[in-house]
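Chemist: My structure is stored as input05.tsv, with TSV, C-alpha atoms.
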chain	number	residue	atom	x	y	z
A	1	MET	CA	73.16	210.50	129.69
A	2	ALA	CA	72.83	208.08	132.60
A	3	ALA	CA	73.75	204.44	131.96
A	4	LYS	CA	70.92	201.99	132.00
A	5	PRO	CA	70.95	199.52	134.87
A	6	ALA	CA	72.18	196.08	133.94
A	7	HIS	CA	69.41	193.69	133.07
A	8	ARG	CA	69.00	190.83	135.49
A	9	PRO	CA	67.66	187.60	134.03
A	10	PHE	CA	64.34	186.54	135.44
A	11	SER	CA	64.53	183.60	137.87
A	12	ALA	CA	61.23	181.98	138.70
A	13	PRO	CA	60.77	180.91	142.31
A	14	LEU	CA	60.80	177.21	143.02
A	15	THR	CA	57.43	175.55	143.28
A	16	LEU	CA	56.67	173.46	146.36
A	17	CYS	CA	56.95	170.28	144.27
A	18	GLN	CA	60.39	171.31	142.91
A	19	ALA	CA	61.62	172.16	146.40
A	20	ARG	CA	60.50	168.78	147.71
A	21	ASN	CA	62.23	166.97	144.85
A	22	ILE	CA	65.49	168.83	145.52
A	23	HIS	CA	65.20	168.01	149.23
A	24	ARG	CA	64.62	164.32	148.46
A	25	GLY	CA	67.62	164.29	146.12
A	26	MET	CA	69.83	165.82	148.79
A	27	ARG	CA	68.65	163.30	151.39
A	28	LEU	CA	69.25	160.39	148.99
A	29	SER	CA	72.73	161.64	148.11
A	30	ARG	CA	73.63	161.98	151.81
A	31	PHE	CA	72.22	158.50	152.48
A	32	LEU	CA	74.29	156.91	149.69
A	33	LEU	CA	77.47	158.90	150.23
A	34	ARG	CA	78.64	156.89	153.23
A	35	PRO	CA	78.21	153.36	151.77
A	36	VAL	CA	79.60	154.35	148.35
A	37	SER	CA	82.62	155.92	150.05
A	38	THR	CA	83.03	152.75	152.11
A	39	ALA	CA	83.04	150.66	148.92
A	40	CYS	CA	85.72	152.88	147.38
A	41	VAL	CA	87.95	152.54	150.45
A	42	ALA	CA	87.41	148.77	150.47
A	43	SER	CA	88.27	148.43	146.79
A	44	VAL	CA	91.50	150.43	147.04
A	45	THR	CA	92.52	148.71	150.28
A	46	ASP	CA	92.03	145.26	148.78
A	47	VAL	CA	94.15	146.13	145.74
A	48	LEU	CA	96.99	147.59	147.81
A	49	VAL	CA	97.04	145.20	150.77
A	50	GLY	CA	94.56	142.36	150.36
A	51	TYR	CA	93.85	140.20	153.39
A	52	PRO	CA	97.22	139.30	154.91
A	53	GLN	CA	97.93	135.62	155.44
A	54	ALA	CA	99.15	136.46	158.94
A	55	LEU	CA	95.60	137.54	159.84
A	56	VAL	CA	94.17	134.35	158.39
A	57	SER	CA	96.56	132.31	160.55
A	58	ARG	CA	95.83	134.35	163.68
A	59	ILE	CA	92.10	135.11	163.59
A	60	GLY	CA	90.77	133.45	160.44
A	61	HIS	CA	88.65	135.18	157.80
A	62	PRO	CA	85.01	136.38	157.74
A	63	VAL	CA	84.17	133.72	155.13
A	64	ILE	CA	85.64	131.06	157.43
A	65	TRP	CA	83.49	132.31	160.30
A	66	ILE	CA	80.36	132.26	158.15
A	67	GLY	CA	81.35	128.82	156.87
A	68	ARG	CA	81.44	127.44	160.41
A	69	LEU	CA	77.90	128.69	160.99
A	70	ILE	CA	76.74	127.08	157.74
A	71	ASP	CA	78.46	123.79	158.54
A	72	GLY	CA	76.86	123.66	161.99
A	73	LEU	CA	73.37	124.29	160.60
A	74	ASP	CA	73.93	121.74	157.85
A	75	ARG	CA	74.84	119.05	160.37
A	76	ARG	CA	71.94	119.85	162.71
A	77	LEU	CA	69.10	120.57	160.27
A	78	ASN	CA	69.93	118.60	157.14
A	79	ILE	CA	68.94	115.15	158.40
A	80	PRO	CA	68.98	112.49	155.66
A	81	GLU	CA	66.13	110.51	157.25
A	82	ARG	CA	63.69	113.42	156.85
A	83	THR	CA	61.47	113.82	153.79
A	84	PRO	CA	62.64	116.13	150.95
A	85	ALA	CA	59.87	118.61	151.82
A	86	CYS	CA	61.01	118.76	155.44
A	87	ARG	CA	64.64	119.18	154.43
A	88	ARG	CA	63.72	121.98	152.02
A	89	ALA	CA	61.78	123.75	154.79
A	90	ASN	CA	64.76	123.37	157.12
A	91	GLY	CA	66.91	124.81	154.35
A	92	PHE	CA	64.79	127.97	154.32
A	93	VAL	CA	65.21	128.29	158.08
A	94	ALA	CA	68.95	127.72	157.83
A	95	SER	CA	69.31	130.28	155.03
A	96	ALA	CA	67.46	132.88	157.10
A	97	VAL	CA	69.80	132.31	160.05
A	98	ILE	CA	72.90	132.28	157.82
A	99	VAL	CA	71.95	135.66	156.36
A	100	ALA	CA	70.50	137.35	159.45
A	101	ALA	CA	73.13	136.52	162.08
A	102	PRO	CA	76.24	137.92	160.31
A	103	THR	CA	74.32	140.89	158.87
A	104	LEU	CA	72.95	141.96	162.26
A	105	ALA	CA	76.42	141.62	163.77
A	106	ALA	CA	77.77	143.88	161.00
A	107	VAL	CA	75.01	146.43	161.64
A	108	ALA	CA	75.94	146.56	165.33
A	109	LEU	CA	79.65	146.89	164.48
A	110	GLU	CA	79.13	149.69	161.98
A	111	ARG	CA	76.88	151.62	164.36
A	112	SER	CA	79.51	151.32	167.06
A	113	ILE	CA	82.16	152.65	164.67
A	114	ARG	CA	79.94	155.57	163.63
A	115	ARG	CA	79.27	156.53	167.25
A	116	SER	CA	82.92	156.27	168.27
A	117	LEU	CA	84.72	158.04	165.40
A	118	PRO	CA	84.38	161.17	163.27
A	119	HIS	CA	82.68	160.68	159.92
A	120	SER	CA	85.83	160.39	157.77
A	121	LEU	CA	87.59	158.00	160.13
A	122	ALA	CA	84.44	155.89	160.51
A	123	VAL	CA	84.13	155.53	156.73
A	124	ALA	CA	87.82	154.67	156.44
A	125	LEU	CA	87.68	152.01	159.16
A	126	SER	CA	84.46	150.49	157.78
A	127	GLY	CA	86.06	150.36	154.33
A	128	VAL	CA	89.21	148.68	155.62
A	129	LEU	CA	87.14	146.06	157.46
A	130	ALA	CA	84.90	145.53	154.42
A	131	SER	CA	87.93	145.03	152.16
A	132	SER	CA	88.21	141.51	153.61
A	133	LEU	CA	85.02	140.67	151.68
A	134	VAL	CA	86.47	141.66	148.28
A	135	ALA	CA	88.77	139.34	146.32
A	136	GLN	CA	90.46	141.46	143.64
A	137	ARG	CA	94.02	140.78	144.78
A	138	SER	CA	93.62	137.13	145.79
A	139	LEU	CA	91.74	136.18	142.60
A	140	HIS	CA	94.47	137.76	140.50
A	141	GLU	CA	97.18	135.92	142.43
A	142	HIS	CA	95.49	132.52	142.10
A	143	VAL	CA	94.81	132.84	138.38
A	144	LEU	CA	98.28	134.25	137.73
A	145	ALA	CA	99.72	131.17	139.46
A	146	VAL	CA	97.88	128.96	136.94
A	147	ALA	CA	99.30	130.94	134.00
A	148	ARG	CA	102.82	130.68	135.37
A	149	GLN	CA	102.58	126.98	136.19
A	150	ALA	CA	101.16	126.25	132.74
A	151	GLN	CA	104.48	127.48	131.36
A	152	VAL	CA	106.29	124.96	133.56
A	153	SER	CA	104.33	121.72	133.16
A	154	LEU	CA	100.81	120.32	132.88
A	155	PRO	CA	100.90	118.64	136.33
A	156	ALA	CA	101.95	121.94	137.91
A	157	ALA	CA	99.13	123.77	136.12
A	158	ARG	CA	96.60	121.14	137.23
A	159	SER	CA	97.74	121.53	140.83
A	160	ALA	CA	97.40	125.32	140.66
A	161	VAL	CA	93.95	125.27	139.08
A	162	SER	CA	92.66	122.72	141.61
A	163	HIS	CA	92.62	125.53	144.21
A	164	ILE	CA	90.08	127.61	142.29
A	165	VAL	CA	87.78	125.20	140.39
A	166	GLY	CA	85.43	122.40	141.37
A	167	ARG	CA	85.95	120.14	138.37
A	168	ASP	CA	88.45	117.28	138.31
A	169	PRO	CA	91.78	118.78	137.14
A	170	GLU	CA	93.29	115.38	136.36
A	171	GLN	CA	90.86	115.07	133.44
A	172	LEU	CA	91.97	118.39	131.91
A	173	ASP	CA	94.58	118.93	129.23
A	174	GLU	CA	96.49	122.23	129.09
A	175	ALA	CA	93.74	124.00	127.16
A	176	GLY	CA	91.15	122.69	129.62
A	177	VAL	CA	93.16	123.97	132.58
A	178	LEU	CA	93.49	127.40	130.98
A	179	ARG	CA	89.79	127.54	130.08
A	180	ALA	CA	88.85	126.58	133.64
A	181	ALA	CA	91.05	129.37	135.04
A	182	THR	CA	89.63	131.92	132.59
A	183	GLU	CA	86.05	130.94	133.41
A	184	THR	CA	86.82	131.22	137.13
A	185	LEU	CA	88.36	134.64	136.56
A	186	ALA	CA	85.24	135.87	134.75
A	187	GLU	CA	82.72	134.32	137.14
A	188	ASN	CA	84.52	135.42	140.28
A	189	PHE	CA	84.99	138.92	138.92
A	190	SER	CA	81.21	139.09	139.17
A	191	ASP	CA	80.45	137.29	142.44
A	192	GLY	CA	83.75	137.91	144.25
A	193	ILE	CA	84.33	141.56	143.37
A	194	VAL	CA	81.51	143.39	141.57
A	195	ALA	CA	78.70	141.91	143.71
A	196	PRO	CA	80.18	142.56	147.19
A	197	LEU	CA	81.19	146.09	146.17
A	198	LEU	CA	77.74	146.76	144.69
A	199	TRP	CA	75.96	145.56	147.84
A	200	MET	CA	78.50	147.52	149.90
A	201	ALA	CA	77.70	150.66	147.89
A	202	LEU	CA	74.02	150.17	148.76
A	203	GLY	CA	74.32	149.06	152.39
A	204	GLY	CA	77.85	149.69	153.62
A	205	LEU	CA	79.59	146.99	155.63
A	206	PRO	CA	76.30	145.21	156.51
A	207	GLY	CA	75.37	145.12	152.82
A	208	ALA	CA	78.63	143.40	151.94
A	209	VAL	CA	78.28	140.92	154.83
A	210	PHE	CA	74.72	140.14	153.72
A	211	TYR	CA	75.92	139.32	150.22
A	212	LYS	CA	78.92	137.31	151.39
A	213	ALA	CA	76.71	135.19	153.67
A	214	VAL	CA	74.37	134.42	150.77
A	215	ASN	CA	77.24	133.62	148.40
A	216	THR	CA	79.07	131.43	150.91
A	217	ALA	CA	75.90	129.48	151.66
A	218	ASP	CA	75.43	128.79	147.97
A	219	SER	CA	79.02	127.61	147.58
A	220	MET	CA	78.69	125.21	150.52
A	221	ILE	CA	75.14	123.86	150.37
A	222	GLY	CA	73.68	125.13	147.10
A	223	HIS	CA	74.71	122.08	145.07
A	224	ARG	CA	72.44	119.64	143.26
A	225	THR	CA	73.72	116.60	145.14
A	226	PRO	CA	71.70	113.96	147.03
A	227	ARG	CA	72.56	115.64	150.32
A	228	HIS	CA	71.87	119.25	149.32
A	229	GLU	CA	69.30	119.03	146.51
A	230	ALA	CA	66.47	119.89	148.91
A	231	PHE	CA	68.27	121.53	151.84
A	232	GLY	CA	70.29	123.90	149.66
A	233	TYR	CA	67.39	124.96	147.42
A	234	ALA	CA	66.76	128.24	149.25
A	235	ALA	CA	70.46	129.16	149.38
A	236	ALA	CA	70.93	128.53	145.66
A	237	ARG	CA	67.84	130.50	144.60
A	238	LEU	CA	68.71	133.43	146.87
A	239	ASP	CA	72.26	133.54	145.49
A	240	ASP	CA	70.89	133.63	141.93
A	241	LEU	CA	68.65	136.54	142.87
A	242	VAL	CA	71.21	138.74	144.65
A	243	ASN	CA	73.77	138.21	141.85
A	244	LEU	CA	71.47	139.30	139.03
A	245	PRO	CA	72.48	143.00	138.94
A	246	ALA	CA	76.19	142.34	139.53
A	247	ALA	CA	76.44	139.83	136.69
A	248	ARG	CA	75.09	142.39	134.21
A	249	LEU	CA	77.29	145.13	135.63
A	250	SER	CA	80.41	142.94	135.46
A	251	ALA	CA	79.76	142.33	131.75
A	252	LEU	CA	79.56	146.10	131.24
A	253	TRP	CA	82.91	146.66	132.99
A	254	ILE	CA	84.52	143.95	130.83
A	255	ILE	CA	83.16	145.53	127.63
A	256	LEU	CA	84.43	148.97	128.67
A	257	ALA	CA	87.79	147.43	129.53
A	258	ALA	CA	87.94	145.83	126.08
A	259	LEU	CA	87.27	149.23	124.52
A	260	SER	CA	90.31	150.70	126.25
A	261	LEU	CA	92.82	147.89	125.60
A	262	PRO	CA	94.60	147.11	122.31
A	263	GLY	CA	93.99	143.67	120.90
A	264	MET	CA	90.57	143.33	122.57
A	265	ASP	CA	87.28	143.24	120.67
A	266	ALA	CA	84.48	145.09	122.47
A	267	ARG	CA	82.03	144.57	119.59
A	268	ALA	CA	82.54	140.82	119.70
A	269	ALA	CA	82.07	140.95	123.47
A	270	VAL	CA	78.64	142.56	122.98
A	271	ARG	CA	77.70	140.12	120.22
A	272	VAL	CA	78.68	137.00	122.17
A	273	LEU	CA	77.04	138.41	125.30
A	274	ARG	CA	73.71	138.88	123.55
A	275	ARG	CA	73.84	135.43	121.97
A	276	ASP	CA	75.41	133.14	124.58
A	277	ALA	CA	74.90	134.64	128.05
A	278	ARG	CA	71.47	133.06	128.53
A	279	THR	CA	72.51	129.62	127.23
A	280	HIS	CA	74.88	129.14	130.17
A	281	ARG	CA	73.96	126.70	132.94
A	282	SER	CA	74.00	129.60	135.42
A	283	PRO	CA	71.61	132.57	135.09
A	284	ASN	CA	74.46	134.88	136.09
A	285	ALA	CA	77.87	133.39	135.30
A	286	GLY	CA	77.16	133.42	131.57
A	287	TRP	CA	77.23	137.23	131.45
A	288	PRO	CA	80.86	137.88	132.45
A	289	GLU	CA	82.03	134.66	130.74
A	290	ALA	CA	80.40	135.60	127.45
A	291	ALA	CA	81.75	139.15	127.60
A	292	MET	CA	85.27	137.90	128.33
A	293	ALA	CA	85.15	135.19	125.67
A	294	GLY	CA	84.04	137.69	123.04
A	295	ALA	CA	86.58	140.32	124.05
A	296	LEU	CA	89.46	137.81	123.93
A	297	GLY	CA	88.29	135.95	120.83
A	298	ILE	CA	88.22	132.57	122.58
A	299	ARG	CA	85.70	129.86	123.44
A	300	LEU	CA	84.79	128.98	127.04
A	301	SER	CA	82.51	126.59	128.94
A	302	GLY	CA	81.71	123.48	126.89
A	303	PRO	CA	81.76	119.83	128.06
A	304	ARG	CA	83.45	119.09	131.39
A	305	ALA	CA	83.40	116.60	134.28
A	306	TYR	CA	82.50	117.10	137.95
A	307	ASN	CA	83.51	114.29	140.33
A	308	GLY	CA	84.06	112.01	137.36
A	309	VAL	CA	80.56	112.67	135.93
A	310	PRO	CA	80.58	114.12	132.37
A	311	VAL	CA	78.45	117.24	131.94
A	312	ALA	CA	77.47	118.48	128.48
A	313	GLU	CA	77.56	122.27	128.50
A	314	PRO	CA	77.19	124.54	125.45
A	315	TRP	CA	80.18	126.52	124.26
A	316	VAL	CA	80.38	130.26	124.90
A	317	GLY	CA	82.15	132.37	122.28
A	318	ASP	CA	83.30	132.03	118.67
A	319	GLY	CA	87.07	131.66	118.95
A	320	THR	CA	89.36	128.74	119.61
A	321	PRO	CA	88.96	126.56	122.71
A	322	ALA	CA	92.66	125.63	122.49
A	323	LEU	CA	93.92	128.27	124.91
A	324	ARG	CA	97.58	128.95	125.54
A	325	PRO	CA	99.19	130.63	128.59
A	326	ALA	CA	99.32	133.89	126.63
A	327	ASP	CA	95.50	133.88	126.47
A	328	LEU	CA	95.25	133.66	130.25
A	329	TYR	CA	97.70	136.57	130.61
A	330	ARG	CA	95.47	138.57	128.24
A	331	ALA	CA	92.44	137.66	130.35
A	332	LEU	CA	94.25	138.92	133.45
A	333	ALA	CA	95.04	142.21	131.70
A	334	LEU	CA	91.37	142.58	130.80
A	335	TYR	CA	90.40	141.75	134.39
A	336	ARG	CA	92.78	144.36	135.83
A	337	ARG	CA	91.42	147.05	133.52
A	338	ALA	CA	87.82	146.13	134.40
A	339	CYS	CA	88.65	146.41	138.11
A	340	LEU	CA	90.24	149.82	137.50
A	341	ILE	CA	87.20	151.06	135.59
A	342	GLN	CA	84.92	149.94	138.40
A	343	THR	CA	87.05	151.70	141.03
A	344	LEU	CA	87.13	154.92	138.98
A	345	ALA	CA	83.35	154.74	138.54
A	346	GLY	CA	82.98	154.41	142.31
A	347	LEU	CA	85.24	157.38	142.96
A	348	ALA	CA	83.35	159.50	140.42
A	349	THR	CA	80.05	158.52	142.05
A	350	THR	CA	81.42	159.47	145.48
A	351	LEU	CA	82.46	162.92	144.23
A	352	LEU	CA	79.07	163.46	142.55
A	353	LEU	CA	77.17	162.45	145.69
A	354	ALA	CA	79.35	164.71	147.85
A	355	ARG	CA	78.63	167.63	145.54
A	356	MET	CA	74.89	166.93	145.55
A	357	ALA	CA	74.89	166.63	149.36
A	358	ARG	CA	76.42	170.13	149.66
A	359	ARG	CA	73.84	171.80	147.43
A	360	ARG	CA	71.79	174.59	148.96
Here is the file; what I need is its structure written in the form of structure tokens.
Modeler:
Amino acid sequence: MAAKPAHRPFSAPLTLCQARNIHRGMRLSRFLLRPVSTACVASVTDVLVGYPQALVSRIGHPVIWIGRLIDGLDRRLNIPERTPACRRANGFVASAVIVAAPTLAAVALERSIRRSLPHSLAVALSGVLASSLVAQRSLHEHVLAVARQAQVSLPAARSAVSHIVGRDPEQLDEAGVLRAATETLAENFSDGIVAPLLWMALGGLPGAVFYKAVNTADSMIGHRTPRHEAFGYAAARLDDLVNLPAARLSALWIILAALSLPGMDARAAVRVLRRDARTHRSPNAGWPEAAMAGALGIRLSGPRAYNGVPVAEPWVGDGTPALRPADLYRALALYRRACLIQTLAGLATTLLLARMARRR
């Protein structure tokens, strides 16, 4: 008796709508593959090498170059004799120039790289150049210096923290110095690492330059001082806007890091985040600070002084505000794990996009 032919499962043909959706997905994955790969290269390069001091001495740094542009526009357009309305309008013009000029230069540079090199080499070179806009290594080094100096003496710790905070270090006791360093670690994890890598993953090298121009403008002219209250309004509001997604994402990375480290409390991180993130003076900094405070079981923010002026800020977290050097070392461990999780997420996304781009 002849064997029956093997049954083949029925496979319905794709409809026109399904085919279009698949085609759009492939195009989107190809579009995102290059910038996401660039962000992964930049992240790994920054961890391994950082931005060598020899380069800073020889050619400077992209932030220094952007800072010179901002300083020049501030001197020429921010005229004290003008009305506040005029100075605010000039601030909008200055912000547009600050953002557009470096970003367009980065677009031209990346296009030149793409035309001159094969795809893989172009992505690698763009990532290496973009690594100068990420601060994983330098942030770790500066905060680690505070932890080490706090074990030596209070004056040494004050000197170390003065390089990374804006408040008056001479008014801080040891716990205040350590809180300031921990807050800086949390806040700069968001706007110095997660945000530039996120914008890089969306727009490649130009995306990272765009973000860094906005962030540098805010740090230089986005202050509520008599000189910059009106002129820096546009820069400050734009920085708040572009940091919104990164602040939330940085809190997620910190919570995931707390889940994977002994002695950390991820549940407390979520609880403090939901309760305290929106009470912070900044619409964005409160997210990573609250997540870190909850994970470590400490209290951050609170009253402080800027330029000798006391500022009453609400506390963030439930634990003790009396930090010790060991608490800052724990914060650094949490920070390193959060950076690792972010890098692994980027690598996984790159592999997924590459697979989707090869689909037939």
Chemist: How many Å lie between atom CA of Glu313 of chain A and atom CA of Ile221 of chain A, rounded to one decimal?
Modeler: 22.1 Å
Chemist: Counting only C-alpha atoms, what is within 8 Å of segment 138-153 of chain A, bar same-chain residues fewer than 5 positions away, as an MDAnalysis selection string?
Modeler: chainID A and resid 50 158 160:161 163:164 174 178 181:182 185 188 325:326 328:329 332
Chemist: I want to know what sits within 6 Å of segment 288-297 of chain A, based on all atoms listed in the file, with residues of the same chain fewer than 3 positions away left out; could you give that as a list in words?
Modeler: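 The residues that qualify are Ala186, Ser250, Ala251, Met264, Asp265, Ala266, Ala268, Ala269, Val272, Leu273, Ala277, Val316, Gly317 and Gly319 of chain A.
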Chemist: Save the residues we just selected, C-alpha atoms, as a PDB file, in the coordinates of the input?
Modeler:
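Result file out-v8.pdb:
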ATOM      1  CA  ALA A 186      85.240 135.870 134.750  1.00  0.00           C
ATOM      2  CA  SER A 250      80.410 142.940 135.460  1.00  0.00           C
ATOM      3  CA  ALA A 251      79.760 142.330 131.750  1.00  0.00           C
ATOM      4  CA  MET A 264      90.570 143.330 122.570  1.00  0.00           C
ATOM      5  CA  ASP A 265      87.280 143.240 120.670  1.00  0.00           C
ATOM      6  CA  ALA A 266      84.480 145.090 122.470  1.00  0.00           C
ATOM      7  CA  ALA A 268      82.540 140.820 119.700  1.00  0.00           C
ATOM      8  CA  ALA A 269      82.070 140.950 123.470  1.00  0.00           C
ATOM      9  CA  VAL A 272      78.680 137.000 122.170  1.00  0.00           C
ATOM     10  CA  LEU A 273      77.040 138.410 125.300  1.00  0.00           C
ATOM     11  CA  ALA A 277      74.900 134.640 128.050  1.00  0.00           C
ATOM     12  CA  VAL A 316      80.380 130.260 124.900  1.00  0.00           C
ATOM     13  CA  GLY A 317      82.150 132.370 122.280  1.00  0.00           C
ATOM     14  CA  GLY A 319      87.070 131.660 118.950  1.00  0.00           C
TER      15      GLY A 319
END
Chemist: So how far away is atom CA of Tyr335 of chain A from atom CA of Ala208 of chain A, in Å?
Modeler: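 Pair atom CA of Ala208 of chain A / atom CA of Tyr335 of chain A returns 21.2 Å.
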Chemist: Restricting the calculation to all atoms listed in the file, which member of A:Arg299, A:Arg111, A:Arg76, A:Arg337 is positioned closest to Leu205 of chain A?
Modeler: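 When distances to Leu205 of chain A are compared using all atoms listed in the file, the smallest one comes from A:Arg111.
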Chemist: Any idea what's packed within 9 Å of Asp74 of chain A, counting only C-alpha atoms, ignoring anything in its chain fewer than 2 positions away? Could you give it as a PyMOL selection string?
Modeler: chain A and resi 69-72+76-79+91+94+221+231
Chemist: Output C-alpha atoms of each residue in that selection to a file, as a PDB file, in the frame of the given file.
Modeler:
ATOM      1  CA  LEU A  69      77.900 128.690 160.990  1.00  0.00           C
ATOM      2  CA  ILE A  70      76.740 127.080 157.740  1.00  0.00           C
ATOM      3  CA  ASP A  71      78.460 123.790 158.540  1.00  0.00           C
ATOM      4  CA  GLY A  72      76.860 123.660 161.990  1.00  0.00           C
ATOM      5  CA  ARG A  76      71.940 119.850 162.710  1.00  0.00           C
ATOM      6  CA  LEU A  77      69.100 120.570 160.270  1.00  0.00           C
ATOM      7  CA  ASN A  78      69.930 118.600 157.140  1.00  0.00           C
ATOM      8  CA  ILE A  79      68.940 115.150 158.400  1.00  0.00           C
ATOM      9  CA  GLY A  91      66.910 124.810 154.350  1.00  0.00           C
ATOM     10  CA  ALA A  94      68.950 127.720 157.830  1.00  0.00           C
ATOM     11  CA  ILE A 221      75.140 123.860 150.370  1.00  0.00           C
ATOM     12  CA  PHE A 231      68.270 121.530 151.840  1.00  0.00           C
TER      13      PHE A 231
END
Chemist: What gap, in Å, lies between atom CA of Ser43 of chain A and atom CA of Ala130 of chain A?
Modeler: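 Interatomic distance here is 8.8 Å.
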Chemist: Calculated over only C-alpha atoms, which of the candidates A:Ser219, A:Thr38, A:Thr279, A:Gln53 has the smallest distance to Tyr233 of chain A?
Modeler: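 Residue with the minimum atom-to-atom distance to Tyr233 of chain A: A:Ser219.
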Chemist: Find, counting all atoms listed in the file, the residue in A:Leu48, A:Gln171, A:Gly222, A:Asn90 that gets nearest to Val128 of chain A.
Modeler: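 Among the listed residues, the smallest separation from Val128 of chain A belongs to A:Leu48.
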Chemist: I'd like the neighbourhood of Val99 of chain A as a ChimeraX atom specification, where a residue qualifies if any of its atoms comes within 9 Å (using only C-alpha atoms), though same-chain residues fewer than 4 positions away should be ignored.
Modeler: /A:94-95,103-104,209-214,217
Chemist: For each of A:Val47, A:Leu154, A:Ala235, A:Ala175, take the minimum atom-to-atom distance to Ile298 of chain A, counting only C-alpha atoms, then give the residue where this is smallest.
Modeler: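 Going through A:Val47, A:Leu154, A:Ala235, A:Ala175 one by one, the smallest distance to Ile298 of chain A is for A:Ala175.
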Chemist: Of the candidates A:Ala333, A:Leu133, A:Ala180, A:Ile255, which one gets nearest to Val165 of chain A if we count only C-alpha atoms?
Modeler: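 Once distances to Val165 of chain A are computed over only C-alpha atoms, the minimum belongs to A:Ala180.
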Chemist: Neighbours of Gly302 of chain A within 10 Å (only C-alpha atoms; same-chain residues fewer than 4 positions away dropped), as a list of chain:residue names?
Modeler: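 Near neighbours after the sequence-gap exclusion: A:Gly176, A:Arg179, A:His280, A:Val311, A:Ala312, A:Glu313, A:Pro314, A:Trp315, A:Val316, A:Pro321.
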